[in-house]
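Encoded as structure tokens, the structure appears first; notes follow it.
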Amino acid sequence: MNVEIDSCDSCVIVEQGELSLASLRQLLTRKALVVHVERFVSTELCRLVADGLQRQGYTDYINAPTLGRIGMSFYETGGRPDVIERYFASAPENIALLRSACAPYASPMDVLRCVLDELWPHGARLQTLGGRKMFVGLSRNIRPGAPMLAHHDIFARLAPDDAEARDLITQLAVNVYVDVPAEGGELMIWLDEISDAEFLERRGSSYGLSIEALGPPDLRIRPAVGDLILFNGRKLHAVAPGKGADRLTVSCFVGYRGGDHPLTFWS
């Protein structure tokens, strides 16, 4: 692991192989910004899963055409009822698609779902919206030379009338790194938060903000193959361009509503 931290030198927790309840609590209650679990999935297994994902094939995001994905992100709906219907209709199929791409091995997302359910005292479950279960397990492909623009993740923006979307205390962004380029591809995080209204105004017609316009990030983390990274998704974050290989992840969000509630996950 390679971490550059310009400030907040206690906000990154590094663990080996397993996610602990103590570090998860620190993250959910915002006493830490990032938990980085090294070698959460073995390098050998990641190589096999990466091959399966690439054979399955990636298609572009609806509203971010430089990024590839397997499955559909709720972000792509843009809050449009017709696209939301497509998202829910395809959710079971896309969960099965990811499992098929990883077969005969367990999907890293299925492993993470079990870990969170077993670790958290009140368990963890698939997020529902309007009584329907959401998709989880998006696999994302960032091609060489392409950055992921700076953005933050606000569930309620796309579901403003849903109580479960509005009552989140913390929304974590979670990635398992199945393959990484030899150079570049770092996760970049800025500590200052901006309102969603300001973000939407500044991004214009793009899905995110220019990395250069924000100045140097406060944290710059380079993951290795098999690593798991969880962080506060409401902070502005981006991905630096990589060189030489695709950057493949399996990702989700984790929602926290207090210590006496179950965690929820979705993509």
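The way I read the labels, and the way they are meant: chains A, B, ... in the order of the structure tokens, residue 1 as the first residue of every chain, and ligand 1 as the first ligand shown, with later ones counted on from there.
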
From stretch 27-224 of chain A, collect each residue whose DSSP state is strand (DSSP E or B) and return the set as JSON, numbers by chain. {"A": [34, 35, 36, 37, 38, 59, 60, 67, 68, 69, 70, 124, 125, 126, 128, 129, 132, 133, 138, 139, 140, 141, 142, 148, 149, 150, 151, 170, 171, 172, 173, 174, 175, 176, 177, 178, 179, 183, 184, 187, 188, 189, 209, 219, 220, 221, 222]}

Dump N, CA and C atoms for the selected residues as a CSV table (one decimal), in the first residue's frame?
```csv
chain,number,residue,atom,x,y,z
A,34,VAL,N,-10.9,6.6,6.3
A,34,VAL,CA,-10.6,5.5,5.4
A,34,VAL,C,-10.2,4.3,6.2
A,35,VAL,N,-10.7,3.1,5.8
A,35,VAL,CA,-10.2,1.8,6.3
A,35,VAL,C,-9.7,1.1,5.1
A,36,HIS,N,-8.4,0.7,5.2
A,36,HIS,CA,-7.8,0.0,4.1
A,36,HIS,C,-7.3,-1.4,4.6
A,37,VAL,N,-8.0,-2.4,4.0
A,37,VAL,CA,-7.7,-3.8,4.4
A,37,VAL,C,-6.9,-4.4,3.3
A,38,GLU,N,-5.6,-4.6,3.6
A,38,GLU,CA,-4.7,-5.2,2.6
A,38,GLU,C,-4.9,-6.7,2.5
A,59,THR,N,-19.8,-2.6,-20.3
A,59,THR,CA,-20.5,-1.6,-21.1
A,59,THR,C,-20.4,-0.3,-20.4
A,60,ASP,N,-20.5,0.8,-21.2
A,60,ASP,CA,-20.3,2.1,-20.6
A,60,ASP,C,-21.5,2.5,-19.7
A,67,LEU,N,-16.4,5.4,-18.5
A,67,LEU,CA,-16.3,4.4,-17.5
A,67,LEU,C,-17.1,3.1,-17.9
A,68,GLY,N,-16.5,2.0,-17.7
A,68,GLY,CA,-17.2,0.7,-18.0
A,68,GLY,C,-17.8,0.1,-16.7
A,69,ARG,N,-18.8,-0.7,-16.9
A,69,ARG,CA,-19.4,-1.4,-15.7
A,69,ARG,C,-20.1,-2.7,-16.1
A,70,ILE,N,-20.1,-3.6,-15.2
A,70,ILE,CA,-21.0,-4.8,-15.2
A,70,ILE,C,-22.0,-4.6,-14.1
A,124,ALA,N,-26.4,-7.0,8.5
A,124,ALA,CA,-26.4,-6.1,7.3
A,124,ALA,C,-27.3,-6.8,6.2
A,125,ARG,N,-28.0,-5.9,5.5
A,125,ARG,CA,-29.0,-6.5,4.5
A,125,ARG,C,-28.9,-5.6,3.3
A,126,LEU,N,-29.5,-6.2,2.2
A,126,LEU,CA,-29.7,-5.5,1.0
A,126,LEU,C,-30.6,-4.3,1.1
A,128,THR,N,-33.4,-1.7,0.4
A,128,THR,CA,-34.7,-1.6,-0.3
A,128,THR,C,-35.0,-0.2,-0.6
A,129,LEU,N,-35.8,0.0,-1.6
A,129,LEU,CA,-36.3,1.4,-2.0
A,129,LEU,C,-37.7,1.2,-2.5
A,132,ARG,N,-38.7,-2.5,-2.8
A,132,ARG,CA,-38.0,-3.3,-3.8
A,132,ARG,C,-36.5,-3.4,-3.5
A,133,LYS,N,-35.9,-4.6,-3.6
A,133,LYS,CA,-34.5,-4.8,-3.3
A,133,LYS,C,-33.7,-4.2,-4.4
A,138,LEU,N,-21.7,-3.8,-8.2
A,138,LEU,CA,-21.2,-3.2,-9.5
A,138,LEU,C,-19.8,-3.5,-9.7
A,139,SER,N,-19.4,-3.9,-10.8
A,139,SER,CA,-18.0,-4.0,-11.2
A,139,SER,C,-17.6,-2.9,-12.2
A,140,ARG,N,-16.6,-2.2,-11.9
A,140,ARG,CA,-16.3,-1.0,-12.6
A,140,ARG,C,-14.9,-1.2,-13.3
A,141,ASN,N,-14.8,-0.7,-14.5
A,141,ASN,CA,-13.6,-0.7,-15.3
A,141,ASN,C,-13.2,0.7,-15.7
A,142,ILE,N,-12.0,1.1,-15.2
A,142,ILE,CA,-11.5,2.4,-15.6
A,142,ILE,C,-10.3,2.1,-16.5
A,148,MET,N,-11.3,9.1,-13.1
A,148,MET,CA,-12.7,9.2,-12.7
A,148,MET,C,-12.8,10.6,-12.0
A,149,LEU,N,-13.7,11.5,-12.5
A,149,LEU,CA,-13.7,12.8,-12.0
A,149,LEU,C,-14.2,12.9,-10.6
A,150,ALA,N,-13.9,14.0,-9.9
A,150,ALA,CA,-14.2,14.2,-8.5
A,150,ALA,C,-15.7,14.3,-8.3
A,151,HIS,N,-16.2,13.6,-7.4
A,151,HIS,CA,-17.6,13.6,-7.1
A,151,HIS,C,-17.8,13.2,-5.6
A,170,THR,N,-24.3,8.0,7.7
A,170,THR,CA,-23.0,7.9,7.0
A,170,THR,C,-23.3,7.0,5.8
A,171,GLN,N,-22.7,7.4,4.7
A,171,GLN,CA,-22.7,6.6,3.4
A,171,GLN,C,-21.3,6.3,3.0
A,172,LEU,N,-20.9,5.0,3.2
A,172,LEU,CA,-19.6,4.6,2.8
A,172,LEU,C,-19.5,4.2,1.3
A,173,ALA,N,-18.4,4.5,0.7
A,173,ALA,CA,-18.1,4.0,-0.6
A,173,ALA,C,-17.1,2.8,-0.4
A,174,VAL,N,-17.3,1.7,-1.0
A,174,VAL,CA,-16.6,0.5,-0.8
A,174,VAL,C,-16.1,-0.1,-2.1
A,175,ASN,N,-14.8,-0.5,-2.2
A,175,ASN,CA,-14.2,-1.1,-3.4
A,175,ASN,C,-13.3,-2.2,-3.0
A,176,VAL,N,-13.5,-3.4,-3.7
A,176,VAL,CA,-12.5,-4.4,-3.7
A,176,VAL,C,-11.8,-4.3,-5.0
A,177,TYR,N,-10.4,-4.3,-4.9
A,177,TYR,CA,-9.6,-4.1,-6.1
A,177,TYR,C,-9.2,-5.4,-6.7
A,178,VAL,N,-9.8,-5.7,-7.9
A,178,VAL,CA,-9.6,-7.0,-8.5
A,178,VAL,C,-8.3,-6.9,-9.4
A,179,ASP,N,-8.1,-5.8,-10.0
A,179,ASP,CA,-6.9,-5.5,-10.8
A,179,ASP,C,-6.6,-4.1,-10.8
A,183,GLU,N,1.0,1.6,-12.8
A,183,GLU,CA,1.2,3.0,-12.5
A,183,GLU,C,0.0,3.8,-12.5
A,184,GLY,N,-0.2,4.7,-11.5
A,184,GLY,CA,-1.4,5.5,-11.5
A,184,GLY,C,-2.6,4.8,-10.9
A,187,LEU,N,-6.6,6.4,-5.6
A,187,LEU,CA,-7.8,7.0,-5.0
A,187,LEU,C,-7.4,8.3,-4.4
A,188,MET,N,-8.1,9.4,-4.7
A,188,MET,CA,-7.8,10.7,-4.2
A,188,MET,C,-9.0,11.2,-3.5
A,189,ILE,N,-8.8,11.8,-2.3
A,189,ILE,CA,-9.9,12.3,-1.4
A,189,ILE,C,-9.5,13.7,-0.9
A,209,LEU,N,-16.4,16.8,-11.1
A,209,LEU,CA,-15.5,18.1,-11.2
A,209,LEU,C,-14.1,17.7,-11.7
A,219,LEU,N,-5.7,13.3,0.6
A,219,LEU,CA,-5.2,11.9,0.7
A,219,LEU,C,-5.1,11.3,-0.7
A,220,ARG,N,-4.1,10.5,-0.9
A,220,ARG,CA,-3.8,9.8,-2.2
A,220,ARG,C,-3.4,8.4,-1.9
A,221,ILE,N,-4.2,7.5,-2.2
A,221,ILE,CA,-4.0,6.1,-1.7
A,221,ILE,C,-3.9,5.2,-3.0
A,222,ARG,N,-2.8,4.4,-3.0
A,222,ARG,CA,-2.7,3.5,-4.1
A,222,ARG,C,-3.0,2.1,-3.6
```

List every residue of stretch 21-95 of chain A that has an atom at most 12 Å from any atom of stretch 243-264 of chain A, and for each one report the closest atom pair and its distance in Å to one decimal, counting only C-alpha atoms, with rows sorted by chain and then by increasing residue number, as a Markdown table.
```
| residue | atom | partner | partner_atom | distance |
| --- | --- | --- | --- | --- |
| A:Leu21 | CA | A:Gly259 | CA | 11.8 |
| A:Leu24 | CA | A:Tyr256 | CA | 10.7 |
| A:Arg25 | CA | A:Gly259 | CA | 8.7 |
| A:Gln26 | CA | A:Gly259 | CA | 11.7 |
| A:Leu27 | CA | A:Tyr256 | CA | 10.2 |
| A:Leu28 | CA | A:Tyr256 | CA | 6.6 |
| A:Thr29 | CA | A:Gly258 | CA | 8.6 |
| A:Arg30 | CA | A:Tyr256 | CA | 10.9 |
| A:Val41 | CA | A:Val250 | CA | 11.6 |
| A:Cys46 | CA | A:Leu248 | CA | 9.8 |
| A:Arg47 | CA | A:Leu248 | CA | 10.6 |
| A:Val49 | CA | A:Leu248 | CA | 10.0 |
| A:Ala50 | CA | A:Leu248 | CA | 7.3 |
| A:Asp51 | CA | A:Leu248 | CA | 10.4 |
| A:Gly52 | CA | A:Leu248 | CA | 11.4 |
| A:Leu53 | CA | A:Leu248 | CA | 8.6 |
| A:Gln54 | CA | A:Leu248 | CA | 9.1 |
| A:Gly57 | CA | A:Leu248 | CA | 11.7 |
| A:Tyr58 | CA | A:Leu248 | CA | 10.3 |
| A:Leu67 | CA | A:Arg247 | CA | 10.4 |
| A:Gly68 | CA | A:Leu248 | CA | 9.4 |
| A:Arg69 | CA | A:Leu248 | CA | 9.3 |
| A:Ile70 | CA | A:Val250 | CA | 9.2 |
| A:Gly71 | CA | A:Val250 | CA | 10.3 |
| A:Met72 | CA | A:Cys252 | CA | 11.2 |
| A:Ser73 | CA | A:Cys252 | CA | 9.1 |
| A:Phe74 | CA | A:Cys252 | CA | 10.5 |
| A:Tyr75 | CA | A:Phe253 | CA | 11.4 |
| A:Ile95 | CA | A:Val250 | CA | 11.6 |
```

Hey, can you check how far atom CA of A:Gly145 sits from atom CA of A:Gly185?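 That distance, rounded to one decimal, is 9.2 Å.
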
Rounded to one decimal in Å, what is the spacing between atom CA of A:Ala240 and atom CA of A:Gly215? 12.9 Å

Excluding same-chain residues fewer than 6 positions from A:Ala32, what lies within 12 Å of it counting only C-alpha atoms, as number ranges by chain? A: 8-14, 22-26, 170, 172, 191, 230-232

Could you take the residues named above and write them with C-alpha atoms, as a compact mmCIF listing (two decimals), in the first residue's frame?
```txt
# COMPACT_ATOMS: atom_id res chain seq x y z
CA CYS A 8 -5.43 14.44 9.06
CA ASP A 9 -2.70 11.86 9.68
CA SER A 10 -4.95 9.73 11.92
CA CYS A 11 -7.83 9.32 9.47
CA VAL A 12 -6.55 6.21 7.65
CA ILE A 13 -6.74 2.82 9.37
CA VAL A 14 -4.76 -0.03 7.80
CA ALA A 22 -13.45 -1.57 15.86
CA SER A 23 -12.22 0.04 12.64
CA LEU A 24 -15.66 -0.22 11.05
CA ARG A 25 -17.16 1.66 14.00
CA GLN A 26 -14.48 4.35 13.71
CA THR A 170 -23.03 7.89 7.00
CA LEU A 172 -19.58 4.60 2.81
CA LEU A 191 -11.35 16.45 3.25
CA LEU A 230 -13.97 1.70 2.65
CA PHE A 231 -14.27 5.48 2.99
CA ASN A 232 -16.69 8.32 3.61
```

If you run DSSP over the backbone, which residues in stretch 119-247 of chain A end up helix (DSSP H, G or I)? Put them as a PyMOL selection string. chain A and resi 119+155-158+163-166+196-203+211-214

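Separating atom CA of A:Pro81 from atom CA of A:Gln127 is a distance of 18.3 Å.
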
May I have the residues within 9 Å of A:Ile62 as a count of residues only, using only C-alpha atoms and disregarding those fewer than 2 positions away in the same chain? 5

Return the single residue from A:Thr66, A:Leu119, A:Lys235, A:Cys114 that is closest to A:Asp218, with distances computed using only C-alpha atoms.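 Among A:Thr66, A:Leu119, A:Lys235, A:Cys114, it is A:Lys235 that comes nearest to A:Asp218.
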
Excluding same-chain residues fewer than 2 positions from A:Asp153, what lies within 7 Å of it counting only C-alpha atoms, as a list in words?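 The residues that qualify are His151, Phe155, Gly233 and Arg234 of chain A.
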
Expected file: the selected residues, C-alpha atoms, as a compact mmCIF listing (two decimals), in the first residue's frame:
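Everything below was put into selection12.txt:
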```txt
# COMPACT_ATOMS: atom_id res chain seq x y z
CA HIS A 151 -17.63 13.61 -7.08
CA PHE A 155 -28.22 8.63 -1.92
CA GLY A 233 -18.40 8.72 0.24
CA ARG A 234 -19.69 12.21 1.08
```

Determine, counting only C-alpha atoms, which protein, DNA and RNA residues have an atom within 12 Å of an atom of A:Pro92; residues of the same chain fewer than 2 positions away are not included. Present the result as a JSON list (two decimals) with N, CA and C atoms, in the first residue's frame.
```json
[["chain", "number", "residue", "atom", "x", "y", "z"],
["A", 71, "GLY", "N", -23.29, -4.61, -14.53],
["A", 71, "GLY", "CA", -24.35, -4.23, -13.62],
["A", 71, "GLY", "C", -24.74, -2.79, -13.88],
["A", 72, "MET", "N", -25.69, -2.30, -13.13],
["A", 72, "MET", "CA", -26.17, -0.93, -13.31],
["A", 72, "MET", "C", -26.15, -0.20, -11.98],
["A", 86, "ARG", "N", -35.99, 0.34, -14.98],
["A", 86, "ARG", "CA", -35.01, -0.53, -15.63],
["A", 86, "ARG", "C", -33.99, -1.04, -14.61],
["A", 87, "TYR", "N", -33.57, -0.16, -13.70],
["A", 87, "TYR", "CA", -32.60, -0.55, -12.67],
["A", 87, "TYR", "C", -33.16, -1.70, -11.83],
["A", 88, "PHE", "N", -34.37, -1.57, -11.33],
["A", 88, "PHE", "CA", -34.93, -2.61, -10.47],
["A", 88, "PHE", "C", -35.24, -3.89, -11.25],
["A", 89, "ALA", "N", -35.69, -3.74, -12.48],
["A", 89, "ALA", "CA", -35.99, -4.93, -13.29],
["A", 89, "ALA", "C", -34.73, -5.75, -13.56],
["A", 90, "SER", "N", -33.59, -5.08, -13.67],
["A", 90, "SER", "CA", -32.35, -5.78, -14.00],
["A", 90, "SER", "C", -31.54, -6.18, -12.77],
["A", 94, "ASN", "N", -28.46, -8.80, -12.76],
["A", 94, "ASN", "CA", -27.10, -8.27, -12.66],
["A", 94, "ASN", "C", -26.34, -8.87, -11.50],
["A", 95, "ILE", "N", -27.02, -9.18, -10.39],
["A", 95, "ILE", "CA", -26.35, -9.89, -9.29],
["A", 95, "ILE", "C", -25.90, -11.27, -9.78],
["A", 96, "ALA", "N", -26.78, -11.96, -10.51],
["A", 96, "ALA", "CA", -26.43, -13.28, -11.05],
["A", 96, "ALA", "C", -25.32, -13.18, -12.08],
["A", 97, "LEU", "N", -25.31, -12.08, -12.86],
["A", 97, "LEU", "CA", -24.29, -11.87, -13.89],
["A", 97, "LEU", "C", -22.91, -11.77, -13.26],
["A", 98, "LEU", "N", -22.80, -11.03, -12.16],
["A", 98, "LEU", "CA", -21.52, -10.90, -11.49],
["A", 98, "LEU", "C", -21.06, -12.24, -10.93],
["A", 99, "ARG", "N", -21.97, -12.99, -10.34],
["A", 99, "ARG", "CA", -21.61, -14.32, -9.82],
["A", 99, "ARG", "C", -21.14, -15.23, -10.94],
["A", 126, "LEU", "N", -29.52, -6.21, 2.22],
["A", 126, "LEU", "CA", -29.66, -5.51, 0.96],
["A", 126, "LEU", "C", -30.62, -4.33, 1.13],
["A", 132, "ARG", "N", -38.68, -2.47, -2.83],
["A", 132, "ARG", "CA", -37.99, -3.32, -3.80],
["A", 132, "ARG", "C", -36.50, -3.40, -3.47],
["A", 133, "LYS", "N", -35.94, -4.58, -3.63],
["A", 133, "LYS", "CA", -34.52, -4.77, -3.32],
["A", 133, "LYS", "C", -33.65, -4.21, -4.43],
["A", 134, "MET", "N", -32.58, -3.52, -4.01],
["A", 134, "MET", "CA", -31.68, -2.88, -4.94],
["A", 134, "MET", "C", -30.59, -3.84, -5.40],
["A", 135, "PHE", "N", -29.90, -3.45, -6.45],
["A", 135, "PHE", "CA", -28.75, -4.20, -6.96],
["A", 135, "PHE", "C", -27.53, -3.91, -6.08],
["A", 136, "VAL", "N", -26.65, -4.89, -5.92],
["A", 136, "VAL", "CA", -25.37, -4.67, -5.25],
["A", 136, "VAL", "C", -24.30, -5.47, -5.97],
["A", 137, "GLY", "N", -23.10, -4.90, -6.06],
["A", 137, "GLY", "CA", -21.98, -5.63, -6.64],
["A", 137, "GLY", "C", -21.48, -5.09, -7.95]]
```

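Closest approach to A:Glu164 among A:Ser195, A:Ala146, A:Phe265, A:Leu236: A:Phe265, based on only C-alpha atoms.
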